[in-house]
Amino acid sequence: WMAPETFGRQGVYASVVEQPQTQRAKQAALAAQLSCPCDAIHSDATDSDIELVKKTYFPHRIVEQVYALGYHSMKSDYCTAYLINRAAEDGGSVMIDCPRFEETLAERIQKEFGGLGLIYITHRDNAPEATLWKERFPDAQRVLHRLDVMPETRSAEQKLEADGPWTLPGDAAQRFTIHWTPGHTPGSTCLEYEGAVRPPAIHVHVRLASCAEAAETMQRRFAQGKTDSRRSSLVAQ
C-alpha cells in the first residue's frame, strides 16, 4: 500500500509489478524498502538516495493531522504505526503503536512536531519497541489497557481500566475516543478520531466513526465467550 505504483500481488505473493518511473514513485518505493521488516525489498539505489528518503519521507502525511511512520518492526508484529499531530497545549503529538526505532525518524518527529506527548499502544503485540521510543522521548506518556500490560510496559504511565470508552489525555476538545475492542487480545483497543471532515478524508472518517459499533460488538462477544478461548482465558490468569 505504501508504493502501489511499484508493488502489487501476483496470486498470493507480493511482487514488483512495475519499475518506478517518476521521482515520486521512486521515493515511495525506497520508503517501502526502508519500512520492510524482513529486508525483502532490494534496489540499486545509492546510499545518498536512501539517506535522502530517510531524512525527508517519514513522517508521511496521510490526511489532516495523521501521518504514517513507516519502519515496520518484526518485534512489534509488523504493525503500521501512525502519528497524530497535536499542539503542545493539547497534550502533544501522539504515536499510535511503535515503529522500529530509527534515530533519523526521531529527529524529524522532534523537529517537525515538537517530540511526543503520548505513545498509545493498541494492544500488547505492538508494544516491544515502546521502550526505545520512551527512552528517546522521556516526557511521553505511554497509554494502553491494563489487561495487555507486559513486562516492557509494566511502568506505563497511563493504564486504562474497565471497559471505557476513554478520551486521550490532554484532549480538551474530545476529538479522540479510545474504545475497548477485546478479542485479538484481552486489552485490545482502537482509537476513534472525530476530525473535521473534508475530501479526501471523508472515507477515512466514516470508517473510523464505526469504531464505537465495533467496540460494542466485540465487548458483547467477549462477554459471551465467543472470542478465541485461548485469548479470553488470559483474563483469568
# chains A, B, ... in the order shown; residues from 1 in each chain; ligands from 1
$ select_by_dssp --residues "stretch 70-139 of chain A" --states "strand (DSSP E or B)" --output "list in words"
Tyr82, Leu83, Ile84, Val94, Met95, Ile96, Leu118, Ile119 and Tyr120 of chain A
$ residues_around --residues "A:Ser35" --least-positions-apart "3" --cutoff "10 Å" --atoms "only C-alpha atoms" --output "list of chain:residue names"
A:Met2, A:Ala29, A:Leu30, A:Ala31, A:Ala32, A:Cys38, A:Asp39, A:Ile41, A:Leu69, A:Gly70, A:Tyr71, A:His72, A:Ser73, A:Tyr78, A:Thr80, A:Pro99, A:Arg100
$ write_last_selection --atoms "C-alpha atoms" --output "PDB file, in the first residue's frame"
ATOM      1  CA  MET A   2       2.947   2.307   0.525  1.00  0.00           C
ATOM      2  CA  ALA A  29       9.466   2.580  -3.368  1.00  0.00           C
ATOM      3  CA  LEU A  30      12.567   3.423  -1.338  1.00  0.00           C
ATOM      4  CA  ALA A  31      10.342   4.296   1.624  1.00  0.00           C
ATOM      5  CA  ALA A  32       8.802   0.822   1.314  1.00  0.00           C
ATOM      6  CA  CYS A  38      12.150  -8.577   6.818  1.00  0.00           C
ATOM      7  CA  ASP A  39      14.519  -6.904   4.313  1.00  0.00           C
ATOM      8  CA  ILE A  41      12.956  -5.366  -0.900  1.00  0.00           C
ATOM      9  CA  LEU A  69       5.692   6.491  10.347  1.00  0.00           C
ATOM     10  CA  GLY A  70       6.963   3.552   8.270  1.00  0.00           C
ATOM     11  CA  TYR A  71       9.804   1.416   9.665  1.00  0.00           C
ATOM     12  CA  HIS A  72       7.641  -1.629  10.426  1.00  0.00           C
ATOM     13  CA  SER A  73       9.128  -3.831  13.126  1.00  0.00           C
ATOM     14  CA  TYR A  78       4.872  -5.859  11.654  1.00  0.00           C
ATOM     15  CA  THR A  80       1.799   0.028  10.893  1.00  0.00           C
ATOM     16  CA  PRO A  99       7.678   1.505  14.554  1.00  0.00           C
ATOM     17  CA  ARG A 100      11.164   0.133  14.934  1.00  0.00           C
TER      18      ARG A 100
END
$ residues_around --residues "A:Leu168" --least-positions-apart "6" --cutoff "12 Å" --atoms "only C-alpha atoms" --output "PyMOL selection string"
chain A and resi 84+86+90-96+117-121+141-144+158-160+174-179+190-193
$ residues_around --residues "A:Glu135" --least-positions-apart "4" --cutoff "12 Å" --atoms "only C-alpha atoms" --output "ChimeraX atom specification"
/A:101,103,106,116,119,129-131,139-142
$ residues_around --residues "A:Ala14" --least-positions-apart "4" --cutoff "12 Å" --atoms "only C-alpha atoms" --output "list in words"
Trp1, Ala3, Pro4, Thr6, Phe7, Gly8, Arg9, Gln10, Ala40 and Ile41 of chain A
$ select_by_dssp --residues "chain A" --states "alpha helix (DSSP H)" --output "PDB file with C-alpha atoms, in the first residue's frame"
ATOM      1  CA  GLN A  23      10.650  10.740  -8.743  1.00  0.00           C
ATOM      2  CA  ARG A  24       7.597  10.438  -6.528  1.00  0.00           C
ATOM      3  CA  ALA A  25       7.273   6.721  -7.280  1.00  0.00           C
ATOM      4  CA  LYS A  26      10.990   6.168  -6.673  1.00  0.00           C
ATOM      5  CA  GLN A  27      10.793   7.846  -3.280  1.00  0.00           C
ATOM      6  CA  ALA A  28       7.736   5.806  -2.304  1.00  0.00           C
ATOM      7  CA  ALA A  29       9.466   2.580  -3.368  1.00  0.00           C
ATOM      8  CA  LEU A  30      12.567   3.423  -1.338  1.00  0.00           C
ATOM      9  CA  ALA A  31      10.342   4.296   1.624  1.00  0.00           C
ATOM     10  CA  ALA A  32       8.802   0.822   1.314  1.00  0.00           C
ATOM     11  CA  GLN A  33      12.306  -0.662   1.218  1.00  0.00           C
ATOM     12  CA  LEU A  34      13.216   1.181   4.415  1.00  0.00           C
ATOM     13  CA  SER A  35       9.986   0.072   6.060  1.00  0.00           C
ATOM     14  CA  ASP A  47      23.458   5.381  -0.107  1.00  0.00           C
ATOM     15  CA  SER A  48      22.765   9.056  -0.749  1.00  0.00           C
ATOM     16  CA  ASP A  49      19.371   8.160  -2.298  1.00  0.00           C
ATOM     17  CA  ILE A  50      18.473   6.148   0.802  1.00  0.00           C
ATOM     18  CA  GLU A  51      19.667   8.867   3.163  1.00  0.00           C
ATOM     19  CA  LEU A  52      17.596  11.478   1.339  1.00  0.00           C
ATOM     20  CA  VAL A  53      14.433   9.406   1.756  1.00  0.00           C
ATOM     21  CA  LYS A  54      15.236   8.731   5.421  1.00  0.00           C
ATOM     22  CA  LYS A  55      15.561  12.449   6.058  1.00  0.00           C
ATOM     23  CA  THR A  56      12.537  13.635   4.078  1.00  0.00           C
ATOM     24  CA  GLU A 103      17.099   7.994  15.149  1.00  0.00           C
ATOM     25  CA  THR A 104      16.557   9.868  11.875  1.00  0.00           C
ATOM     26  CA  LEU A 105      12.801   9.442  12.331  1.00  0.00           C
ATOM     27  CA  ALA A 106      13.048  10.534  15.970  1.00  0.00           C
ATOM     28  CA  GLU A 107      14.916  13.671  14.931  1.00  0.00           C
ATOM     29  CA  ARG A 108      12.206  14.559  12.402  1.00  0.00           C
ATOM     30  CA  ILE A 109       9.467  13.993  14.986  1.00  0.00           C
ATOM     31  CA  GLN A 110      11.322  16.298  17.349  1.00  0.00           C
ATOM     32  CA  LYS A 111      11.977  18.968  14.732  1.00  0.00           C
ATOM     33  CA  GLU A 112       8.648  18.930  12.892  1.00  0.00           C
ATOM     34  CA  PHE A 113       6.244  18.019  15.705  1.00  0.00           C
ATOM     35  CA  ALA A 130       7.875   1.325  23.009  1.00  0.00           C
ATOM     36  CA  THR A 131      10.809   1.167  25.444  1.00  0.00           C
ATOM     37  CA  LEU A 132      13.262   2.707  22.965  1.00  0.00           C
ATOM     38  CA  TRP A 133      10.816   5.444  21.997  1.00  0.00           C
ATOM     39  CA  LYS A 134      10.169   6.206  25.663  1.00  0.00           C
ATOM     40  CA  GLU A 135      13.903   6.488  26.273  1.00  0.00           C
ATOM     41  CA  ARG A 136      14.211   8.892  23.337  1.00  0.00           C
ATOM     42  CA  ILE A 202     -14.284  11.609   4.375  1.00  0.00           C
ATOM     43  CA  HIS A 203     -13.914   7.891   3.671  1.00  0.00           C
ATOM     44  CA  VAL A 204     -11.335   7.606   6.461  1.00  0.00           C
ATOM     45  CA  HIS A 205     -13.631   9.439   8.858  1.00  0.00           C
ATOM     46  CA  VAL A 206     -16.586   7.207   8.019  1.00  0.00           C
ATOM     47  CA  ARG A 207     -14.533   4.063   8.569  1.00  0.00           C
ATOM     48  CA  LEU A 208     -13.127   5.277  11.875  1.00  0.00           C
ATOM     49  CA  CYS A 211     -15.297   2.084  15.918  1.00  0.00           C
ATOM     50  CA  ALA A 212     -17.980   2.575  18.572  1.00  0.00           C
ATOM     51  CA  GLU A 213     -20.251  -0.005  16.943  1.00  0.00           C
ATOM     52  CA  ALA A 214     -17.332  -2.412  16.510  1.00  0.00           C
ATOM     53  CA  ALA A 215     -16.380  -1.922  20.165  1.00  0.00           C
ATOM     54  CA  GLU A 216     -19.897  -2.770  21.336  1.00  0.00           C
ATOM     55  CA  THR A 217     -19.952  -5.900  19.172  1.00  0.00           C
ATOM     56  CA  MET A 218     -16.547  -7.104  20.375  1.00  0.00           C
ATOM     57  CA  GLN A 219     -17.370  -6.429  24.028  1.00  0.00           C
ATOM     58  CA  ARG A 220     -20.602  -8.390  23.696  1.00  0.00           C
ATOM     59  CA  ARG A 221     -18.838 -11.317  22.028  1.00  0.00           C
ATOM     60  CA  PHE A 222     -16.073 -11.201  24.626  1.00  0.00           C
ATOM     61  CA  ALA A 223     -18.624 -11.298  27.489  1.00  0.00           C
ATOM     62  CA  SER A 229     -10.896 -19.070  24.133  1.00  0.00           C
ATOM     63  CA  ARG A 230      -7.112 -19.098  24.293  1.00  0.00           C
ATOM     64  CA  ARG A 231      -7.118 -15.305  24.306  1.00  0.00           C
ATOM     65  CA  SER A 232     -10.082 -14.972  26.663  1.00  0.00           C
TER      66      SER A 232
END
$ atom_distance --atom1 "atom CA of A:Pro59" --atom2 "atom CA of A:Thr181"
27.1 Å
